[in-house]
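Everything below belongs to coords_35.txt, which stores compact mmCIF, C-alpha atoms.
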```
# COMPACT_ATOMS: atom_id res chain seq x y z
CA MET M 30 -57.21 -33.96 11.91
CA THR M 31 -60.25 -36.14 12.02
CA ALA M 32 -62.33 -35.68 15.12
CA VAL M 33 -63.22 -39.26 15.81
CA TYR M 34 -65.86 -39.92 18.37
CA MET M 35 -66.22 -43.66 18.29
CA THR M 36 -69.55 -44.57 19.79
CA GLN M 37 -70.49 -48.00 20.93
CA SER M 38 -71.87 -50.50 18.50
CA TRP M 39 -75.29 -49.35 17.47
CA ARG M 40 -76.85 -52.54 18.72
CA ALA M 41 -75.61 -52.03 22.26
CA CYS M 42 -79.03 -51.12 23.68
CA SER M 43 -81.20 -54.04 24.65
CA SER M 44 -84.88 -54.35 23.92
CA LEU M 45 -85.09 -50.88 22.48
CA ARG M 46 -87.95 -49.84 20.31
CA LEU M 47 -86.47 -47.80 17.52
CA GLY M 48 -88.72 -45.54 15.52
CA HIS M 49 -86.27 -45.02 12.70
CA SER M 50 -83.63 -47.71 12.72
CA LEU M 51 -81.38 -48.36 9.80
CA PHE M 52 -83.54 -51.21 8.50
CA SER M 53 -86.93 -49.63 9.09
CA ASN M 54 -89.31 -48.33 6.54
CA GLY M 55 -91.31 -46.40 9.11
CA LEU M 56 -92.33 -49.36 11.28
CA LEU M 57 -91.51 -49.82 14.94
CA ARG M 58 -89.06 -52.64 15.56
CA GLY M 59 -87.72 -54.36 18.64
CA LEU M 60 -84.06 -55.24 19.03
CA HIS M 61 -82.55 -58.37 20.41
CA THR M 62 -79.37 -58.17 22.40
CA THR M 63 -76.31 -60.09 21.37
CA GLN M 64 -73.46 -61.19 23.56
CA ALA M 65 -70.45 -58.89 23.71
CA ALA M 66 -71.92 -56.57 21.11
CA HIS M 67 -70.00 -53.50 22.24
CA LYS M 68 -66.47 -54.89 22.33
CA ALA M 69 -63.86 -52.44 21.15
CA GLN M 70 -60.17 -53.14 21.26
CA ALA M 71 -58.63 -50.23 19.38
CA GLY M 72 -55.95 -48.33 21.28
CA ARG M 73 -56.35 -50.41 24.44
CA TYR M 74 -53.54 -52.31 26.13
CA ARG M 75 -53.87 -55.59 27.94
CA VAL M 76 -53.09 -55.59 31.68
CA THR M 77 -50.06 -57.71 32.59
CA ARG M 78 -49.84 -59.98 35.60
CA ASN M 79 -46.99 -58.19 37.30
CA ARG M 80 -47.86 -54.63 36.16
CA SER M 81 -44.73 -54.35 34.09
CA LYS M 82 -46.01 -52.68 30.91
CA PRO M 83 -45.22 -48.92 30.87
CA LEU M 84 -47.78 -46.60 29.32
CA THR M 85 -47.42 -42.96 28.39
CA TYR M 86 -50.34 -40.61 29.09
CA GLU M 87 -51.40 -40.93 25.48
CA MET M 88 -51.39 -44.71 25.53
CA ALA M 89 -53.16 -44.84 28.88
CA ASN M 90 -56.17 -42.88 27.59
CA GLN M 91 -58.34 -44.77 25.16
CA PRO M 92 -59.63 -43.36 21.86
CA CYS M 93 -63.00 -42.59 23.47
CA GLN M 94 -61.19 -39.99 25.59
CA ILE M 95 -60.15 -37.94 22.57
CA ALA M 96 -61.38 -34.35 23.04
CA HIS M 97 -61.94 -35.09 26.73
CA ARG M 98 -58.58 -36.08 28.21
CA LYS M 99 -56.61 -36.45 24.99
CA SER M 100 -56.14 -34.26 21.98
CA TRP M 101 -55.39 -35.06 18.38
CA ASN M 102 -52.00 -35.89 16.91
CA SER M 103 -52.40 -33.97 13.70
CA TRP M 104 -53.97 -30.51 13.58
CA ASN M 105 -55.26 -29.25 10.26
CA THR M 106 -58.36 -27.83 8.68
CA THR M 107 -58.98 -30.60 6.17
CA SER M 108 -61.85 -32.33 7.92
CA LEU M 109 -63.73 -29.20 8.92
CA TYR M 110 -67.04 -28.46 7.25
CA GLU M 111 -66.07 -27.48 3.67
CA GLY M 112 -62.45 -28.38 4.32
CA LEU M 113 -60.17 -29.21 1.42
CA ARG M 114 -57.50 -31.73 0.54
CA GLU M 115 -58.26 -34.29 3.22
CA PRO M 116 -56.93 -37.51 1.66
CA GLU M 117 -53.69 -35.93 0.46
CA THR M 118 -53.07 -34.52 3.93
CA VAL M 119 -53.66 -37.92 5.53
CA VAL M 120 -51.17 -39.57 3.20
CA ASP M 121 -48.66 -36.78 3.86
CA ASP M 122 -49.10 -37.32 7.60
CA ILE M 123 -48.48 -41.05 7.27
CA PHE M 124 -45.33 -40.34 5.29
CA ILE M 125 -44.10 -37.77 7.80
CA ARG M 126 -44.65 -40.14 10.72
CA LYS M 127 -42.83 -43.00 9.04
CA PHE M 128 -40.00 -40.72 8.02
CA MET M 129 -39.56 -39.24 11.49
CA THR M 130 -39.65 -42.52 13.37
CA GLY M 131 -37.28 -44.04 10.84
CA THR M 132 -34.76 -41.21 10.82
CA TRP M 133 -34.66 -40.93 14.61
CA HIS M 134 -33.88 -44.55 15.35
CA ASN M 135 -35.76 -45.59 18.51
CA LEU M 136 -35.47 -42.04 19.78
CA PHE M 137 -39.09 -40.87 19.76
CA VAL M 138 -40.84 -41.55 23.06
CA SER M 139 -44.07 -39.79 22.18
CA GLU M 140 -46.28 -39.66 19.14
CA VAL M 141 -45.26 -37.40 16.27
CA ILE M 142 -47.50 -34.32 16.44
CA ILE M 143 -48.11 -32.59 13.10
CA LYS M 144 -49.51 -29.05 13.06
CA ARG M 145 -50.36 -27.24 9.85
CA GLN M 146 -50.49 -23.49 10.05
CA HIS M 147 -50.86 -21.40 6.86
CA ASN M 148 -48.46 -23.24 4.50
CA MET M 149 -46.09 -24.36 7.22
CA ILE M 150 -45.87 -27.79 8.77
CA ARG M 151 -44.67 -27.91 12.36
CA ILE M 152 -43.59 -31.29 13.65
CA ALA M 153 -43.36 -31.78 17.38
CA GLY M 154 -42.49 -34.64 19.64
CA ILE M 155 -40.43 -35.85 22.57
CA VAL M 156 -37.04 -37.40 21.85
CA GLN M 157 -34.58 -39.23 24.07
CA ARG M 158 -31.10 -37.83 24.57
CA LYS M 159 -29.30 -40.93 23.44
CA ILE M 160 -27.16 -39.29 20.78
CA ALA M 161 -24.90 -36.24 20.95
CA ALA M 162 -26.39 -32.77 20.54
CA ARG M 163 -24.44 -32.17 17.33
CA LYS M 164 -25.96 -35.24 15.74
CA MET M 165 -29.39 -34.06 16.81
CA TYR M 166 -28.86 -30.70 15.17
CA PHE M 167 -27.80 -32.44 11.99
CA LEU M 168 -30.86 -34.67 12.06
CA ILE M 169 -33.14 -31.69 12.64
CA GLY M 170 -31.69 -29.84 9.66
CA TYR M 171 -31.77 -32.97 7.52
CA CYS M 172 -35.40 -33.68 8.30
CA GLU M 173 -36.50 -30.08 7.77
CA GLU M 174 -34.67 -29.78 4.47
CA LEU M 175 -35.76 -33.06 2.91
CA LEU M 176 -39.34 -32.86 4.13
CA SER M 177 -39.68 -29.34 2.80
CA TYR M 178 -38.52 -30.49 -0.62
CA TRP M 179 -40.85 -33.46 -0.63
CA LEU M 180 -43.91 -31.70 0.74
CA LYS M 181 -43.21 -28.41 -1.08
CA CYS M 182 -43.73 -26.19 1.95
CA PRO M 183 -41.70 -24.93 4.92
CA VAL M 184 -41.23 -27.57 7.58
CA LYS M 185 -40.17 -26.79 11.13
CA LEU M 186 -39.22 -29.27 13.77
CA GLU M 187 -40.05 -28.43 17.37
CA LEU M 188 -38.62 -31.28 19.40
CA GLN M 189 -38.33 -31.57 23.14
CA THR M 190 -35.82 -33.88 24.72
CA VAL M 191 -35.96 -36.10 27.75
CA PRO M 192 -32.97 -37.83 29.34
CA ASP M 193 -34.63 -41.19 29.78
CA LYS M 194 -37.76 -42.81 28.39
CA LYS M 195 -38.90 -43.57 31.93
CA ASP M 196 -39.64 -39.84 32.26
CA VAL M 197 -42.65 -40.10 29.96
CA VAL M 198 -44.18 -43.14 31.62
CA TYR M 199 -47.57 -42.31 33.13
CA LYS M 200 -48.46 -45.66 34.64
CA TYR M 201 -47.66 -49.35 34.55
CA ILE M 202 -50.31 -51.92 33.80
CA MET Y 22 -35.08 11.59 -15.60
CA ARG Y 23 -34.56 12.69 -12.03
CA LYS Y 24 -38.28 12.40 -11.32
CA VAL Y 25 -38.35 8.86 -12.63
CA ALA Y 26 -35.31 8.01 -10.53
CA SER Y 27 -36.91 9.48 -7.38
CA VAL Y 28 -40.13 7.56 -8.00
CA LEU Y 29 -38.09 4.39 -8.41
CA MET Y 30 -36.26 5.05 -5.17
CA MET Y 31 -39.57 5.68 -3.42
CA ALA Y 32 -41.02 2.47 -4.80
CA GLY Y 33 -37.93 0.65 -3.64
CA ASN Y 34 -38.18 2.22 -0.19
CA ILE Y 35 -41.85 1.37 0.24
CA GLN Y 36 -41.41 -2.16 -0.92
CA GLY Y 37 -38.22 -2.45 1.08
CA ALA Y 38 -40.15 -1.37 4.15
CA ALA Y 39 -42.77 -3.92 3.35
CA GLY Y 40 -40.04 -6.51 2.98
CA SER Y 41 -38.60 -5.67 6.37
CA ILE Y 42 -41.98 -5.80 8.10
CA PHE Y 43 -42.83 -9.14 6.64
CA GLY Y 44 -39.24 -10.23 6.72
CA ARG Y 45 -38.65 -13.91 6.26
CA CYS Y 46 -42.01 -14.88 7.59
CA VAL Y 47 -44.24 -17.03 5.50
CA VAL Y 48 -47.27 -15.58 3.80
CA PRO Y 49 -50.50 -17.23 4.85
CA ARG Y 50 -52.57 -18.61 2.02
CA LYS Y 51 -55.83 -17.26 3.36
CA LEU Y 52 -54.22 -13.87 3.57
CA VAL Y 53 -53.56 -13.82 -0.13
CA ARG Y 54 -57.16 -14.69 -0.83
CA SER Y 55 -58.79 -12.15 1.44
CA THR Y 56 -56.37 -9.25 1.08
CA PRO Y 57 -55.02 -9.36 -2.41
CA ALA Y 58 -53.19 -6.05 -2.04
CA CYS Y 59 -51.01 -7.37 0.76
CA GLY Y 60 -50.43 -10.62 -1.05
CA PHE Y 61 -49.21 -8.85 -4.15
CA ARG Y 62 -46.82 -6.70 -2.20
CA ILE Y 63 -45.31 -9.63 -0.39
CA SER Y 64 -44.94 -11.79 -3.44
CA GLU Y 65 -43.13 -9.00 -5.25
CA LYS Y 66 -40.52 -8.16 -2.70
CA LEU Y 67 -38.71 -10.36 -0.24
CA SER Y 68 -35.17 -9.47 -1.23
CA ALA Y 69 -32.74 -7.80 1.10
CA ILE Y 70 -31.71 -5.15 -1.44
CA PRO Y 71 -34.96 -3.74 -2.80
CA LEU Y 72 -33.38 -0.55 -4.07
CA LEU Y 73 -30.97 -2.38 -6.34
CA ARG Y 74 -33.71 -4.64 -7.64
CA SER Y 75 -36.03 -1.79 -8.46
CA SER Y 76 -33.30 0.04 -10.34
CA LEU Y 77 -32.53 -3.04 -12.41
CA LEU Y 78 -36.15 -3.85 -13.29
CA PRO Y 79 -38.13 -0.64 -13.11
CA GLN Y 80 -41.05 -1.76 -15.27
CA ARG Y 81 -41.92 -4.85 -13.24
CA THR Y 82 -41.95 -3.20 -9.85
CA LEU Y 83 -44.15 -0.32 -10.88
CA SER Y 84 -46.93 -2.05 -12.80
CA PRO Y 85 -49.92 -2.64 -10.54
CA LYS Y 86 -52.02 -5.79 -10.65
CA LEU Y 87 -55.22 -6.00 -12.62
CA PHE Y 88 -57.71 -6.09 -9.73
CA HIS Y 89 -57.34 -2.33 -9.49
CA THR Y 90 -58.20 -1.64 -13.08
CA ALA Y 91 -59.32 1.88 -12.32
CA SER Y 92 -55.86 2.93 -11.14
CA LEU Y 93 -53.82 1.60 -14.09
CA SER Y 94 -53.64 5.04 -15.60
CA TYR Y 95 -51.78 6.44 -12.58
CA LEU Y 96 -48.08 5.76 -11.97
CA SER Y 97 -48.54 4.64 -8.38
CA ALA Y 98 -45.74 4.30 -5.88
CA SER Y 99 -47.73 1.78 -3.81
CA ASP Y 100 -49.55 -0.92 -5.65
CA ASP Y 101 -52.93 -0.79 -3.97
CA LEU Y 102 -53.68 2.92 -3.69
CA ALA Y 103 -52.69 5.67 -6.06
CA VAL Y 104 -51.56 8.97 -4.55
CA GLY Y 105 -54.69 11.00 -3.88
CA GLU Y 106 -57.02 8.00 -4.18
CA PRO Y 107 -59.21 7.78 -1.08
CA ASP Y 108 -58.96 4.74 1.17
CA LYS Y 109 -61.68 2.10 1.05
CA LEU Y 110 -64.37 2.15 3.68
CA TYR Y 111 -65.94 -0.93 5.14
CA SER Y 112 -69.18 -0.79 7.05
CA LEU Y 113 -68.73 -4.35 8.28
CA VAL Y 114 -65.94 -6.89 8.28
CA GLU Y 115 -67.18 -10.32 9.23
CA VAL Y 116 -64.66 -12.95 10.34
CA GLU Y 117 -65.90 -16.51 10.58
CA CYS Y 118 -63.68 -19.07 12.28
CA ARG Y 119 -64.23 -22.80 12.13
CA GLY Y 120 -62.58 -25.41 14.29
CA HIS Y 121 -62.97 -28.80 15.87
CA ASP Y 122 -62.32 -27.60 19.42
CA THR Y 123 -64.36 -24.90 21.21
CA ALA Y 124 -61.54 -24.28 23.68
CA VAL Y 125 -59.22 -23.28 20.84
CA LEU Y 126 -61.86 -20.97 19.36
CA ARG Y 127 -62.52 -19.38 22.74
CA SER Y 128 -58.84 -18.65 23.35
CA TYR Y 129 -58.54 -17.21 19.84
CA LEU Y 130 -61.52 -14.99 20.60
CA THR Y 131 -59.83 -13.58 23.71
CA PHE Y 132 -56.73 -12.87 21.63
CA VAL Y 133 -58.68 -11.15 18.84
CA SER Y 134 -60.85 -9.10 21.19
CA SER Y 135 -57.86 -7.87 23.18
CA ALA Y 136 -56.01 -7.00 19.96
CA ALA Y 137 -59.08 -5.13 18.69
CA SER Y 138 -59.47 -3.20 21.93
CA HIS Y 139 -55.79 -2.18 21.88
CA LEU Y 140 -55.99 -1.07 18.24
CA ASN Y 141 -59.35 0.74 18.65
CA VAL Y 142 -61.10 -1.57 16.22
CA SER Y 143 -64.70 -1.94 17.31
CA LEU Y 144 -65.73 -5.56 17.76
CA GLU Y 145 -69.48 -5.23 17.57
CA GLU Y 146 -70.88 -8.71 17.67
CA ILE Y 147 -69.73 -12.20 18.61
CA LEU Y 148 -71.87 -15.10 17.45
CA TRP Y 149 -71.61 -18.78 18.09
CA PRO Y 150 -73.71 -20.50 15.42
CA LYS Y 151 -74.82 -24.03 15.92
CA LYS Y 152 -72.17 -26.70 15.42
CA HIS Y 153 -72.28 -28.89 12.34
CA ILE Y 154 -72.01 -32.64 12.95
CA HIS Y 155 -71.21 -35.02 10.12
CA ARG Y 156 -71.99 -38.62 11.11
CA TRP Y 157 -71.53 -41.83 9.22
CA THR Y 158 -71.84 -45.54 9.93
CA LEU Y 159 -69.39 -48.22 8.82
CA LEU Y 160 -69.20 -51.95 9.18
CA LYS Y 161 -67.12 -52.92 12.17
CA SER Y 162 -65.70 -56.07 10.68
CA VAL Y 163 -63.74 -56.58 7.50
CA HIS Y 164 -65.86 -59.54 6.44
CA ILE Y 165 -69.58 -60.25 7.21
CA HIS Y 166 -71.03 -59.37 10.66
CA LYS Y 167 -73.49 -56.95 9.18
CA HIS Y 168 -75.21 -56.38 12.48
CA HIS Y 169 -72.12 -54.90 14.13
CA ARG Y 170 -71.28 -51.44 13.03
CA VAL Y 171 -69.24 -48.45 14.11
CA GLN Y 172 -70.36 -44.84 13.99
CA TYR Y 173 -68.04 -41.86 13.55
CA GLU Y 174 -68.79 -38.19 13.71
CA VAL Y 175 -66.92 -35.01 12.94
CA ARG Y 176 -67.95 -31.80 14.66
CA THR Y 177 -67.25 -28.34 13.30
CA HIS Y 178 -67.76 -25.38 15.64
CA PHE Y 179 -68.25 -21.86 14.31
CA LEU Y 180 -67.35 -18.45 15.68
CA ILE Y 181 -68.36 -15.21 13.98
CA MET Y 182 -66.79 -11.88 14.91
CA LYS Y 183 -68.11 -8.67 13.39
CA PHE Y 184 -66.00 -5.53 13.20
CA ALA Y 185 -67.66 -2.29 12.15
CA ARG Y 186 -66.58 0.95 10.53
CA LEU Y 187 -63.05 0.20 9.34
CA THR Y 188 -60.90 1.67 6.61
CA GLY Y 189 -59.16 -0.40 3.98
CA SER Y 190 -55.67 0.00 5.38
CA THR Y 191 -56.80 -0.72 8.95
CA THR Y 192 -58.59 -3.83 7.74
CA ASP Y 193 -55.55 -5.04 5.83
CA THR Y 194 -53.23 -4.54 8.78
CA PHE Y 195 -55.60 -5.94 11.38
CA LEU Y 196 -56.49 -9.00 9.33
CA GLU Y 197 -52.82 -9.60 8.58
CA TYR Y 198 -52.05 -9.63 12.31
CA ILE Y 199 -55.05 -11.83 13.11
CA GLN Y 200 -54.25 -14.33 10.41
CA ARG Y 201 -50.60 -14.66 11.27
CA ASN Y 202 -51.65 -15.83 14.70
CA LEU Y 203 -54.40 -18.15 13.55
CA PRO Y 204 -53.99 -21.41 15.44
CA GLU Y 205 -53.50 -24.69 13.60
CA GLY Y 206 -56.73 -26.53 12.93
CA VAL Y 207 -58.75 -23.32 12.69
CA ALA Y 208 -60.05 -22.03 9.37
CA MET Y 209 -61.05 -18.43 8.68
CA LYS Y 210 -63.40 -16.84 6.20
CA VAL Y 211 -63.50 -13.06 5.85
CA THR Y 212 -66.44 -11.15 4.38
CA LYS Y 213 -66.02 -7.43 3.81
CA HIS Y 214 -68.95 -5.11 3.22
CA GLU Y 215 -67.63 -2.08 1.36
CA LEU Y 216 -69.19 1.36 1.09
CA HIS Y 217 -69.16 3.07 -2.29
CA ARG Y 218 -70.24 6.47 -3.45
CA LEU Y 219 -73.26 6.49 -5.67
CA PRO Y 220 -72.23 6.85 -9.33
CA GLU Y 221 -72.41 10.33 -10.81
CA HIS Y 222 -75.26 9.55 -13.17
CA VAL Y 223 -77.50 8.47 -10.30
CA LYS Y 224 -78.99 11.67 -9.03
CA PRO Y 225 -82.13 12.39 -7.04
CA SER Y 226 -84.86 13.71 -9.25
CA SER Y 227 -85.32 17.45 -9.41
CA GLU Y 228 -88.60 17.16 -7.47
CA VAL Y 229 -86.89 15.74 -4.40
CA ILE Y 230 -85.82 18.35 -1.91
CA VAL Y 231 -82.54 17.29 -0.34
```

Produce structure tokens that represent the structure in this file.
Amino acid sequence: MTAVYMTQSWRACSSLRLGHSLFSNGLLRGLHTTQAAHKAQAGRYRVTRNRSKPLTYEMANQPCQIAHRKSWNSWNTTSLYEGLREPETVVDDIFIRKFMTGTWHNLFVSEVIIKRQHNMIRIAGIVQRKIAARKMYFLIGYCEELLSYWLKCPVKLELQTVPDKKDVVYKYI
Amino acid sequence: MRKVASVLMMAGNIQGAAGSIFGRCVVPRKLVRSTPACGFRISEKLSAIPLLRSSLLPQRTLSPKLFHTASLSYLSASDDLAVGEPDKLYSLVEVECRGHDTAVLRSYLTFVSSAASHLNVSLEEILWPKKHIHRWTLLKSVHIHKHHRVQYEVRTHFLIMKFARLTGSTTDTFLEYIQRNLPEGVAMKVTKHELHRLPEHVKPSSEVIV
């Protein structure tokens, strides 16, 4: 998991005298403000007129709330200090997410959580109960089997179900 | 002939017991690195019928691995210690955990300290070294807009737990238990400080009064 703490644009402060800015060669420099310098739009949803857009808790909290009100979606040791195999893990995570959302057609109502413990991958998430339980068991076995062959390690699915997707809605904006 | 057969049966039993303890659980990678003896045992035997296997392939099950070169001359029933060989002694076993989240490390510490207190393993020291922050700056926009950038940082928190005065088998078992319950996103590094006897040829001089 990458612990991303996205700070505001580094030119957000107005009229600041920086001792060691990125341009400086040891000289003091003043900064000029710009308009709308600290605009960020990642992970933020636009408010609708009639408050009709449903948001889950995850969607309602912006990326700046990670590690405060939100936690990460993939848990691994790759981006720790002296961690190994970071890019391969990221690509594996992308593949797992695409595979899960594609296999469970429109059934995931939360993000796909990927936890790596020892050499096991545990995939968690919340799924709607739109299909019969037998079909769900088949899909669980299918996903575990194929993913373990592709990723060359044991894969376990830990899914929770919810009768209706309205049960995961946190607020409407 | 009978002696060989009994040794084979014993080897099968021990490794069968090991198989049943570890069962179908997965072997942690870090475990293999820090406790090679355990790792060897697990990799050898996960079958349900260890006795049959040992009788079919006697040579393979009894040959110990090369990191115990001193004990190759003995025909050992267990792979890490020969019969009569004394257990290893560790003056200090240092466990360093790294993670992105202090809350996770703190909860792991409560788990480890309660496990240590139940198993009479003395947890001497708990350290929280300073966190390591890796920061980097990128351009915010795909094209031009050099004056608008985005900064990211990755924080790694450390936790060091020091256990004192352990034997080799206690260390192996305790570390095995700790590592099986290591949370996801937490890395562990184990440093063992072993005590050895002074070699025979190193003697105090005759002038020294012991």

Report task. Could you list the residues in chain Y lying within 6 Å of chain M, using all atoms listed in the file, and format the result as a PyMOL selection string? Result -> chain Y and resi 49-50+170-175+177+205-206

In Å and to one decimal, CA of Ile123 (chain M) is distant from CA of Leu160 (chain Y) by 23.5 Å

Would you kindly return, as a list in words, each protein, DNA or RNA residue with an atom no farther than 12 Å from any atom of Lys164 (chain M), considering only C-alpha atoms and excluding same-chain residues fewer than 6 positions away?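 Residues near the query, excluding close chain neighbours: Thr132, Trp133, Arg158, Gly170 and Tyr171 of chain M.
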
The distance between CA of Met165 (chain M) and CA of Arg126 (chain M) is 17.5 Å

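Look at Ser143 (chain Y): the protein and nucleic acid residues within 7 Å of it, using all atoms listed in the file and passing over chain neighbours fewer than 5 places away, are Ala137, Phe184 and Ala185 of chain Y.
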
* Asked: Can you list, as a ChimeraX atom specification, every protein, DNA or RNA residue that comes within 10 Å of Val116 (chain Y) when you count only C-alpha atoms, leaving out same-chain residues fewer than 2 positions away?
  -> /Y:113-114,118,147,180-184,196,209-213

One decimal place gives the CA of Ala71 (chain M)-CA of Gln91 (chain M) separation as 8.0 Å

Original post:
Of the candidates M:Val184, M:Leu113, M:Val156, M:Val138, which one gets nearest to Thr85 (chain M) if we count all atoms listed in the file?
Top reply: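 The shortest atom-to-atom distance to Thr85 (chain M) comes from M:Val138.
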
Exercise. Quick one: residues within 9 Å of Glu140 (chain M), all atoms listed in the file counted, chain neighbours fewer than 6 positions away excluded, as a PyMOL selection string?
Worked result: chain M and resi 87+102+126+153-155

Q. Quick one: of Y:Glu228, Y:Glu221, Y:Glu145, Y:Glu106, who's nearest to Arg186 (chain Y), counting only C-alpha atoms?
A.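 Using only C-alpha atoms, the shortest distance to Arg186 (chain Y) belongs to Y:Glu145.
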